[in-house]
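What follows is the content of entry.txt, which has compact mmCIF, C-alpha atoms:
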# COMPACT_ATOMS: atom_id res chain seq x y z
CA MET Y 27 36.51 -15.38 -118.45
CA ALA Y 28 38.67 -12.81 -120.23
CA ALA Y 29 40.35 -13.86 -123.45
CA LYS Y 30 44.01 -14.74 -123.16
CA VAL Y 31 46.30 -12.68 -125.36
CA VAL Y 32 49.53 -14.30 -126.50
CA VAL Y 33 52.35 -12.01 -127.58
CA ARG Y 34 55.14 -13.64 -129.52
CA ASP Y 35 58.62 -12.51 -128.50
CA PHE Y 36 60.92 -12.75 -131.51
CA SER Y 37 63.95 -12.01 -129.36
CA ARG Y 38 63.74 -15.54 -127.88
CA ILE Y 39 63.84 -17.30 -131.22
CA SER Y 40 67.09 -19.14 -131.77
CA ARG Y 41 69.63 -17.56 -134.05
CA TRP Y 42 69.43 -20.52 -136.43
CA THR Y 43 65.67 -19.98 -136.88
CA GLU Y 44 66.24 -16.28 -137.42
CA MET Y 45 68.78 -16.94 -140.14
CA ALA Y 46 66.51 -19.47 -141.84
CA ARG Y 47 63.61 -17.03 -141.90
CA ALA Y 48 65.87 -14.26 -143.14
CA LYS Y 49 66.98 -16.49 -146.01
CA ASP Y 50 63.39 -17.28 -146.98
CA LYS Y 51 62.40 -13.63 -146.86
CA ALA Y 52 65.43 -12.57 -148.83
CA SER Y 53 64.58 -15.05 -151.58
CA SER Y 54 61.11 -13.46 -151.87
CA GLY Y 55 62.58 -9.97 -152.20
CA ALA Y 56 61.19 -8.68 -148.89
CA PRO Y 57 63.75 -6.85 -146.70
CA VAL Y 58 64.23 -8.37 -143.26
CA ARG Y 59 66.51 -7.97 -140.26
CA VAL Y 60 68.22 -10.92 -138.57
CA ASP Y 61 67.21 -9.74 -135.10
CA GLY Y 62 63.63 -10.72 -135.84
CA SER Y 63 62.18 -7.29 -136.66
CA PHE Y 64 60.82 -6.81 -140.16
CA GLU Y 65 60.72 -3.88 -142.51
CA LEU Y 66 57.73 -3.76 -144.84
CA PRO Y 67 58.84 -3.39 -148.46
CA VAL Y 68 57.66 -0.48 -150.56
CA ARG Y 69 54.79 -1.84 -152.63
CA VAL Y 70 52.84 -0.69 -155.63
CA PHE Y 71 49.34 0.58 -154.84
CA VAL Y 72 46.68 -1.74 -156.29
CA ARG Y 73 44.42 0.41 -158.42
CA LYS Y 74 40.78 -0.55 -158.81
CA ALA Y 75 39.71 -2.07 -162.12
CA TYR Y 76 36.32 -0.41 -162.56
CA LYS Y 77 33.65 -2.44 -164.36
CA MET Y 78 30.05 -1.86 -165.35
CA LEU Y 79 27.19 -3.84 -163.79
CA MET Y 80 25.21 -5.86 -166.30
CA GLY Y 81 22.98 -8.79 -165.48
CA GLY Y 82 24.57 -9.15 -162.06
CA GLN Y 83 28.03 -9.48 -163.63
CA PHE Y 84 30.90 -6.99 -163.70
CA VAL Y 85 31.92 -6.35 -167.30
CA ARG Y 86 34.24 -4.14 -169.28
CA SER Y 87 33.08 -2.48 -172.46
CA GLU Y 88 33.07 -4.89 -175.37
CA SER Y 89 34.78 -2.19 -177.43
CA GLY Y 90 37.75 -2.07 -175.05
CA ARG Y 91 37.41 1.70 -174.79
CA TYR Y 92 37.69 3.61 -171.54
CA ILE Y 93 37.43 7.12 -170.17
CA GLN Y 94 40.22 8.54 -168.02
CA VAL Y 95 39.00 10.19 -164.82
CA ALA Y 96 41.30 12.36 -162.73
CA ASP Y 97 41.58 11.93 -158.98
CA PRO Y 98 41.46 15.39 -157.33
CA MET Y 99 42.88 13.94 -154.12
CA ASP Y 100 45.99 12.67 -155.88
CA LEU Y 101 48.54 15.47 -156.13
CA GLY Y 102 50.50 13.41 -158.64
CA GLY Y 103 47.84 14.01 -161.26
CA THR Y 104 47.26 10.34 -162.07
CA LYS Y 105 44.09 9.17 -163.79
CA GLU Y 106 41.98 6.03 -163.62
CA ASN Y 107 40.27 4.13 -166.40
CA VAL Y 108 36.47 3.82 -166.44
CA PRO Y 109 34.66 1.71 -169.07
CA TRP Y 110 33.18 3.55 -172.04
CA ALA Y 111 29.91 1.82 -172.99
CA SER Y 112 29.25 1.15 -176.65
CA ARG Y 113 26.11 0.44 -178.66
CA LYS Y 114 26.70 -3.29 -178.19
CA ASP Y 115 26.88 -2.82 -174.41
CA VAL Y 116 23.55 -1.00 -174.53
CA ARG Y 117 21.94 -3.85 -176.44
CA ASP Y 118 23.35 -6.46 -174.06
CA ALA Y 119 22.09 -4.51 -171.03
CA VAL Y 120 18.59 -4.21 -172.50
CA VAL Y 121 18.50 -7.96 -173.18
CA VAL Y 122 19.28 -8.88 -169.57
CA ALA Y 123 16.94 -6.18 -168.23
CA ARG Y 124 14.11 -7.51 -170.37
CA GLY Y 125 14.84 -11.03 -169.21
CA ALA Y 126 14.69 -9.96 -165.56
CA TRP Y 127 11.46 -7.97 -165.90
CA GLU Y 128 8.97 -10.85 -165.78
CA GLY Y 129 10.45 -12.34 -162.61
CA TRP Y 130 10.87 -8.97 -160.86
CA SER Y 131 7.38 -7.69 -161.71
CA GLY Y 132 5.92 -11.06 -160.74
CA ARG Y 133 7.16 -10.78 -157.15
CA THR Y 134 4.77 -9.51 -154.53
CA ALA Y 135 5.01 -5.83 -153.68
CA TYR Y 136 5.88 -6.77 -150.10
CA ASN Y 137 8.82 -8.90 -151.29
CA ARG Y 138 10.13 -6.09 -153.50
CA GLY Y 139 10.03 -3.84 -150.44
CA GLN Y 140 12.04 -6.37 -148.46
CA ILE Y 141 14.66 -6.52 -151.19
CA LEU Y 142 14.97 -2.73 -151.34
CA TYR Y 143 15.38 -2.68 -147.57
CA ARG Y 144 18.19 -5.22 -147.92
CA LEU Y 145 19.82 -2.90 -150.46
CA ALA Y 146 19.72 -0.14 -147.86
CA GLU Y 147 21.48 -2.48 -145.43
CA MET Y 148 24.28 -3.06 -147.97
CA LEU Y 149 24.65 0.68 -148.55
CA GLU Y 150 24.86 1.25 -144.80
CA ALA Y 151 27.63 -1.34 -144.56
CA ARG Y 152 29.56 0.45 -147.33
CA HIS Y 153 28.89 3.96 -146.02
CA GLY Y 154 32.58 4.73 -145.51
CA GLU Y 155 33.66 3.40 -148.90
CA LEU Y 156 30.94 5.28 -150.78
CA SER Y 157 31.80 8.47 -148.90
CA ARG Y 158 35.45 8.14 -149.86
CA MET Y 159 34.50 7.62 -153.50
CA LEU Y 160 32.39 10.77 -153.50
CA GLU Y 161 35.32 12.64 -151.98
CA ARG Y 162 37.51 11.40 -154.81
CA GLY Y 163 34.80 12.67 -157.12
CA GLY Y 164 35.28 16.19 -155.81
CA LEU Y 165 33.11 16.54 -152.68
CA ASP Y 166 34.36 17.46 -149.24
CA ALA Y 167 34.03 14.93 -146.43
CA SER Y 168 30.87 16.34 -144.85
CA ALA Y 169 29.03 16.70 -148.16
CA ALA Y 170 30.01 13.16 -149.18
CA ALA Y 171 28.78 11.65 -145.90
CA ALA Y 172 25.53 13.62 -146.14
CA GLU Y 173 24.88 12.34 -149.67
CA VAL Y 174 25.43 8.71 -148.71
CA THR Y 175 23.13 9.09 -145.71
CA ALA Y 176 20.42 10.70 -147.86
CA THR Y 177 20.77 7.86 -150.39
CA ILE Y 178 20.25 5.21 -147.72
CA ASP Y 179 17.21 7.08 -146.39
CA ARG Y 180 15.81 7.30 -149.94
CA CYS Y 181 16.17 3.56 -150.32
CA ILE Y 182 14.32 2.94 -147.05
CA SER Y 183 11.52 5.29 -148.15
CA TYR Y 184 10.84 3.46 -151.40
CA ALA Y 185 11.08 0.11 -149.63
CA GLY Y 186 8.17 1.36 -147.55
CA TRP Y 187 6.20 2.59 -150.57
CA ALA Y 188 6.51 -0.73 -152.45
CA ASP Y 189 3.31 -2.27 -151.06
CA LYS Y 190 1.40 0.98 -150.51
CA TYR Y 191 1.51 3.09 -153.70
CA SER Y 192 -0.91 0.78 -155.50
CA SER Y 193 -3.67 1.56 -153.00
CA LEU Y 194 -3.32 5.27 -153.81
CA PHE Y 195 -3.55 4.88 -157.58
CA ALA Y 196 -6.04 2.00 -157.84
CA SER Y 197 -9.78 2.67 -158.02
CA LEU Y 198 -13.13 0.93 -158.04
CA ASN Y 199 -15.05 2.47 -160.93
CA PRO Y 200 -18.86 2.90 -160.96
CA VAL Y 201 -20.35 1.30 -164.09
CA ALA Y 202 -23.84 0.61 -165.38
CA GLY Y 203 -24.50 -3.11 -165.42
CA PRO Y 204 -23.76 -6.23 -163.42
CA HIS Y 205 -19.96 -5.86 -163.34
CA PHE Y 206 -17.13 -4.95 -161.04
CA ASN Y 207 -14.79 -2.50 -162.75
CA PHE Y 208 -11.50 -1.57 -161.13
CA THR Y 209 -8.20 -0.04 -162.22
CA VAL Y 210 -4.77 -1.05 -160.91
CA PRO Y 211 -1.22 0.11 -161.74
CA GLU Y 212 1.30 -2.29 -163.25
CA SER Y 213 4.89 -2.01 -164.46
CA MET Y 214 5.81 -1.10 -168.03
CA GLY Y 215 8.99 -3.09 -168.71
CA VAL Y 216 12.51 -1.79 -169.32
CA VAL Y 217 13.13 1.89 -168.56
CA ALA Y 218 16.30 3.64 -169.74
CA VAL Y 219 17.57 6.30 -167.33
CA VAL Y 220 20.14 9.06 -167.76
CA ALA Y 221 21.22 9.95 -164.23
CA PRO Y 222 22.07 13.55 -163.31
CA ALA Y 223 25.72 14.59 -163.15
CA ARG Y 224 25.32 15.74 -159.53
CA PRO Y 225 24.61 14.32 -157.06
CA ALA Y 226 26.25 11.25 -158.59
CA LEU Y 227 25.04 8.70 -156.02
CA LEU Y 228 21.79 10.14 -154.70
CA GLY Y 229 20.76 11.28 -158.17
CA LEU Y 230 21.24 7.81 -159.67
CA LEU Y 231 19.44 5.85 -156.97
CA GLY Y 232 16.88 8.60 -156.47
CA ALA Y 233 15.92 8.25 -160.14
CA VAL Y 234 16.08 4.44 -160.30
CA LEU Y 235 14.36 3.45 -157.03
CA PRO Y 236 10.85 4.70 -157.89
CA ILE Y 237 11.08 2.94 -161.24
CA ILE Y 238 12.05 -0.48 -159.92
CA THR Y 239 9.70 -0.21 -156.93
CA SER Y 240 6.73 -0.84 -159.24
CA GLY Y 241 8.38 -3.84 -160.92
CA ASN Y 242 10.20 -2.22 -163.85
CA THR Y 243 13.83 -2.97 -164.67
CA VAL Y 244 16.34 -0.30 -165.68
CA VAL Y 245 19.38 0.42 -167.77
CA VAL Y 246 20.98 3.54 -166.32
CA ILE Y 247 23.75 5.68 -167.76
CA ALA Y 248 25.71 6.90 -164.75
CA SER Y 249 27.02 10.39 -164.07
CA GLU Y 250 29.76 11.54 -166.41
CA ALA Y 251 31.08 13.93 -163.74
CA ASP Y 252 31.75 11.12 -161.26
CA PRO Y 253 31.37 7.68 -162.90
CA ARG Y 254 33.43 5.79 -160.31
CA THR Y 255 30.98 6.11 -157.42
CA PRO Y 256 28.07 4.50 -159.35
CA LEU Y 257 30.33 1.58 -160.27
CA VAL Y 258 31.21 1.05 -156.60
CA LEU Y 259 27.47 1.23 -155.93
CA GLY Y 260 27.15 -1.67 -158.35
CA GLU Y 261 29.24 -3.80 -156.00
CA ALA Y 262 26.75 -3.15 -153.19
CA ILE Y 263 23.88 -4.02 -155.53
CA ALA Y 264 25.54 -7.30 -156.49
CA THR Y 265 25.80 -8.34 -152.84
CA SER Y 266 22.20 -7.41 -152.06
CA ASP Y 267 19.13 -9.52 -152.81
CA LEU Y 268 18.24 -7.51 -155.92
CA PRO Y 269 17.88 -10.06 -158.75
CA ALA Y 270 20.43 -9.92 -161.55
CA GLY Y 271 19.37 -7.68 -164.40
CA VAL Y 272 16.94 -5.50 -162.46
CA MET Y 273 19.46 -2.64 -162.29
CA ASN Y 274 22.18 -2.36 -164.94
CA ILE Y 275 24.75 0.44 -164.68
CA LEU Y 276 26.65 1.70 -167.73
CA THR Y 277 29.28 4.41 -167.86
CA GLY Y 278 30.22 6.47 -170.87
CA ARG Y 279 28.80 9.29 -172.96
CA SER Y 280 25.02 9.71 -172.92
CA SER Y 281 25.35 11.74 -176.10
CA GLU Y 282 26.59 8.58 -177.82
CA VAL Y 283 24.33 5.83 -176.43
CA LEU Y 284 21.05 7.56 -175.52
CA VAL Y 285 19.73 7.57 -179.08
CA HIS Y 286 20.42 3.83 -179.36
CA LEU Y 287 18.41 3.27 -176.19
CA ALA Y 288 15.62 5.44 -177.55
CA LYS Y 289 15.48 3.38 -180.75
CA HIS Y 290 15.56 0.00 -179.03
CA MET Y 291 12.18 -1.71 -179.36
CA ASP Y 292 12.49 -3.51 -176.01
CA VAL Y 293 12.86 -0.24 -174.10
CA SER Y 294 9.44 0.95 -172.93
CA ALA Y 295 10.28 4.38 -171.56
CA LEU Y 296 13.01 6.99 -171.07
CA ASP Y 297 13.73 8.97 -167.91
CA LEU Y 298 16.10 11.85 -168.65
CA HIS Y 299 17.59 14.05 -165.92
CA ASN Y 300 19.31 17.34 -166.75
CA VAL Y 301 19.95 16.23 -170.32
CA ASP Y 302 20.82 18.81 -172.97
CA PRO Y 303 17.62 19.91 -174.78
CA VAL Y 304 19.12 19.16 -178.19
CA LEU Y 305 19.86 15.57 -177.12
CA VAL Y 306 16.39 15.26 -175.56
CA LYS Y 307 14.82 16.20 -178.88
CA LYS Y 308 16.89 13.56 -180.70
CA ALA Y 309 15.84 10.96 -178.14
CA GLU Y 310 12.17 11.91 -178.46
CA GLU Y 311 12.33 11.60 -182.22
CA ALA Y 312 14.02 8.20 -181.97
CA ALA Y 313 11.45 7.05 -179.40
CA ILE Y 314 8.57 7.47 -181.84
CA GLY Y 315 9.29 4.01 -183.31
CA ASN Y 316 7.48 2.14 -180.53
CA VAL Y 317 5.73 5.12 -178.91
CA LYS Y 318 7.97 5.22 -175.84
CA ARG Y 319 7.02 7.27 -172.85
CA VAL Y 320 9.62 10.01 -172.41
CA ARG Y 321 9.92 11.91 -169.14
CA THR Y 322 12.37 14.71 -168.48
CA ARG Y 323 13.31 16.44 -165.25
CA ALA Y 324 15.72 19.30 -164.50
CA LEU Y 325 16.00 19.06 -160.73
CA ASP Y 326 18.86 21.04 -159.22
CA GLU Y 327 21.33 19.44 -156.83
CA VAL Y 328 19.60 20.79 -153.74
CA GLY Y 329 16.26 19.44 -154.92
CA TRP Y 330 17.51 15.85 -154.76
CA PHE Y 331 18.01 16.24 -151.02
CA ASP Y 332 14.39 17.26 -150.50
CA ALA Y 333 13.11 14.05 -148.89
CA GLU Y 334 9.46 15.12 -149.12
CA GLY Y 335 9.51 16.25 -152.73
CA ALA Y 336 11.80 13.53 -154.13
CA THR Y 337 10.23 10.60 -152.25
CA SER Y 338 6.71 11.04 -153.52
CA PRO Y 339 4.62 8.16 -154.90
CA ARG Y 340 4.08 10.43 -157.89
CA TRP Y 341 7.62 9.51 -158.90
CA ILE Y 342 6.48 5.88 -159.03
CA GLU Y 343 3.38 6.82 -161.05
CA ARG Y 344 5.50 8.24 -163.88
CA PHE Y 345 6.39 4.74 -165.09
CA VAL Y 346 3.36 2.56 -164.51
CA GLU Y 347 0.48 1.65 -166.79
CA MET Y 348 -3.09 1.66 -165.51
CA LYS Y 349 -4.92 -1.58 -166.24
CA THR Y 350 -8.72 -1.66 -166.05
CA ILE Y 351 -10.41 -4.99 -165.29
CA TRP Y 352 -14.05 -5.98 -165.79
CA HIS Y 353 -15.53 -8.82 -163.78
CA PRO Y 354 -19.14 -10.11 -163.78
CA ALA Y 355 -21.07 -9.50 -160.58
CA GLY Y 356 -24.33 -10.79 -159.25
CA SER Y 357 -26.23 -13.99 -160.06

Just give me the structure of the file as structure tokens.
Amino acid sequence: MAAKVVVRDFSRISRWTEMARAKDKASSGAPVRVDGSFELPVRVFVRKAYKMLMGGQFVRSESGRYIQVADPMDLGGTKENVPWASRKDVRDAVVVARGAWEGWSGRTAYNRGQILYRLAEMLEARHGELSRMLERGGLDASAAAAEVTATIDRCISYAGWADKYSSLFASLNPVAGPHFNFTVPESMGVVAVVAPARPALLGLLGAVLPIITSGNTVVVIASEADPRTPLVLGEAIATSDLPAGVMNILTGRSSEVLVHLAKHMDVSALDLHNVDPVLVKKAEEAAIGNVKRVRTRALDEVGWFDAEGATSPRWIERFVEMKTIWHPAGS
């Protein structure tokens, strides 16, 4: 049976009721007409209070600092405030990432794949919002939509690799003696990532996904060219099944916080994308303290859209350790 639609006819309301409602509306400051029709008042646009993602929580910088980012779609020239991460924020993010590592790496590979697939579902649900954010970051509508679509596809790809990459890298080693000897990959710990400036969304997730697929956790410094889109991405992450602390998103100046990440003893590796060579050298020197693994990549913007080249299990291999196990065999 078809649903019944009821349309309220304000013209039939008694004049006394109209006057009473008009009085109530007038006291609230909203303009209203006595004949029952209403005029919406001019209201102030509610601007978004951008926050970083840390340990599953949305936080401002402890320093209270912020970066002002212009909106190219706003002809009035207004700017929005984005948190500016400090050294203390970096340390807090590493603490929660380290705390999440044991639980995340202890999950089965199949379960990690399920969780990454759920993340893709959340990104699909927010496709329009993420596209609009990329447009505000300077892209045209078609380019923004294409980047979001590529990001979702990238997430699906690594969800599929989660329980398969290990079979490619593991080996059964021939040894002399009554033993089984085999090598398997395992996660390293906390990996600090500097995401590329462009593409802001695909570049960030394209760098982070292969790292967390193997069980690592990350602290990522988002794009300085478009920091708002990664922070909106954080809202999708928070509503997915990804455990708190697995992915932590900071915004600010990589030139200021990267060296602190490189010096931190609980950070196991660095993944640097399109970072200035002078800053890379400083990070490498600071990473000597606990012999961090440092990987750099200078992939151009078009290269991130190469699904075959950027969705390789070799990207996962960059941040795993190979563990060799001996086991007695025979009687």

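Taking all atoms listed in the file into account, the protein, DNA and RNA residues within 10 Å of (14.5, -15.7, -163.1) read Gly125, Ala126, Trp127, Glu128, Gly129, Trp130, Pro269, Ala270 and Gly271 of chain Y.
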
How close does stretch 248-314 of chain Y get to stretch 217-220 of chain Y? List, as a Markdown table, each residue of stretch 248-314 of chain Y within 6 Å, its nearest atom pair and the distance in Å to one decimal, counting all atoms listed in the file.
| residue | atom | partner | partner_atom | distance |
| --- | --- | --- | --- | --- |
| Y:Val293 | CA | Y:Val217 | CA | 5.9 |
| Y:Ser294 | CA | Y:Val217 | CA | 5.8 |
| Y:Ala295 | CA | Y:Val217 | CA | 4.8 |
| Y:Leu296 | CA | Y:Ala218 | CA | 4.9 |
| Y:Asp297 | CA | Y:Val219 | CA | 4.7 |
| Y:Leu298 | CA | Y:Val220 | CA | 5.0 |
| Y:His299 | CA | Y:Val220 | CA | 5.9 |

Checklist entry - Quick one, how far is atom CA of Y:Ile237 from atom CA of Y:Glu343? => result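 Distance between the two atoms: 8.6 Å.
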
Checklist entry - If you count only C-alpha atoms, which residues fall within 6 Å of stretch 171-182 of chain Y, apart from same-chain ones fewer than 3 positions away, as a PyMOL selection string? => result chain Y and resi 143+146+157+168+185+228

Around stretch 216-219 of chain Y, with edges along x, y and z and 3 Å added on all six sides, what centre and edge lengths do you get, in Å to one decimal, as lines of an AutoDock Vina configuration file?
center_x = 15.0
center_y = 2.3
center_z = -168.5
size_x = 11.1
size_y = 14.1
size_z = 8.4

Non-local contacts of stretch 253-265 of chain Y (8 Å; all atoms listed in the file; under 5 positions in same chain excluded) as a PDB file with C-alpha atoms, in the frame of the given file:
ATOM      1  CA  TYR Y  76      36.320  -0.410-162.560  1.00  0.00           C
ATOM      2  CA  LYS Y  77      33.650  -2.440-164.360  1.00  0.00           C
ATOM      3  CA  MET Y  78      30.050  -1.860-165.350  1.00  0.00           C
ATOM      4  CA  LEU Y  79      27.190  -3.840-163.790  1.00  0.00           C
ATOM      5  CA  GLY Y  82      24.570  -9.150-162.060  1.00  0.00           C
ATOM      6  CA  GLN Y  83      28.030  -9.480-163.630  1.00  0.00           C
ATOM      7  CA  VAL Y 108      36.470   3.820-166.440  1.00  0.00           C
ATOM      8  CA  LEU Y 145      19.820  -2.900-150.460  1.00  0.00           C
ATOM      9  CA  MET Y 148      24.280  -3.060-147.970  1.00  0.00           C
ATOM     10  CA  LEU Y 149      24.650   0.680-148.550  1.00  0.00           C
ATOM     11  CA  ARG Y 152      29.560   0.450-147.330  1.00  0.00           C
ATOM     12  CA  LEU Y 156      30.940   5.280-150.780  1.00  0.00           C
ATOM     13  CA  MET Y 159      34.500   7.620-153.500  1.00  0.00           C
ATOM     14  CA  LEU Y 160      32.390  10.770-153.500  1.00  0.00           C
ATOM     15  CA  GLY Y 163      34.800  12.670-157.120  1.00  0.00           C
ATOM     16  CA  ALA Y 226      26.250  11.250-158.590  1.00  0.00           C
ATOM     17  CA  LEU Y 227      25.040   8.700-156.020  1.00  0.00           C
ATOM     18  CA  LEU Y 230      21.240   7.810-159.670  1.00  0.00           C
ATOM     19  CA  ALA Y 248      25.710   6.900-164.750  1.00  0.00           C
ATOM     20  CA  ALA Y 270      20.430  -9.920-161.550  1.00  0.00           C
ATOM     21  CA  ILE Y 275      24.750   0.440-164.680  1.00  0.00           C
ATOM     22  CA  THR Y 277      29.280   4.410-167.860  1.00  0.00           C
TER      23      THR Y 277
END

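Taking only C-alpha atoms into account, Y:Tyr191 lies nearest to Y:Ala135 out of the set Y:Ala135, Y:Val68, Y:Leu284, Y:Leu231.
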
Checklist entry - For the atom pair atom CA of Y:Val320 and atom CA of Y:Ala288, what is the interatomic distance in Å to one decimal place? => result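 Going from atom CA of Y:Val320 over to atom CA of Y:Ala288, I get 9.1 Å.
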
Item to check | Pick from Y:Ser131, Y:Thr350, Y:Thr239, Y:Ser89 nearest to Y:Ala196, counting all atoms listed in the file | outcome: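 Using all atoms listed in the file, the shortest distance to Y:Ala196 belongs to Y:Thr350.
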
Item to check | Option closest in space to Y:Arg133, from Y:Ile93, Y:Ala119, Y:Met273, Y:Leu268 [counting all atoms listed in the file] | outcome: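 The shortest atom-to-atom distance to Y:Arg133 comes from Y:Leu268.
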
Checklist entry - So what do you get for atom CA of Y:Val301 versus atom CA of Y:Val246, distance-wise? => result 13.3 Å

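Using all atoms listed in the file, the nearest neighbour of Y:Gly215 within the list Y:Val85, Y:Ala167, Y:Val328, Y:Ile238 is Y:Ile238.
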
Item to check | Pick from Y:Ala309, Y:Val272, Y:Tyr92, Y:Glu327 nearest to Y:Ala169, counting only C-alpha atoms | outcome: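 Smallest distance to Y:Ala169 is found for Y:Glu327.
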
If you count only C-alpha atoms, which residues fall within 10 Å of Y:Ala75, apart from same-chain ones fewer than 4 positions away, as a CSV table (one decimal) with C-alpha atoms, in the frame of the given file?
chain,number,residue,atom,x,y,z
Y,86,ARG,CA,34.2,-4.1,-169.3
Y,106,GLU,CA,42.0,6.0,-163.6
Y,107,ASN,CA,40.3,4.1,-166.4
Y,108,VAL,CA,36.5,3.8,-166.4
Y,109,PRO,CA,34.7,1.7,-169.1

Item to check | Pick from Y:Arg73, Y:Gly229, Y:Glu161, Y:Met80 nearest to Y:Ala336, counting all atoms listed in the file | outcome: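 Between Y:Arg73, Y:Gly229, Y:Glu161, Y:Met80, the residue approaching Y:Ala336 most closely is Y:Gly229.
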
Checklist entry - If we count all atoms listed in the file, what is near Y:Trp341 at a cut-off of 10 Å, once residues fewer than 4 positions away on the same chain are taken out, given as a VMD selection string? => result chain Y and resid 232 to 237 335 to 337 345 to 346
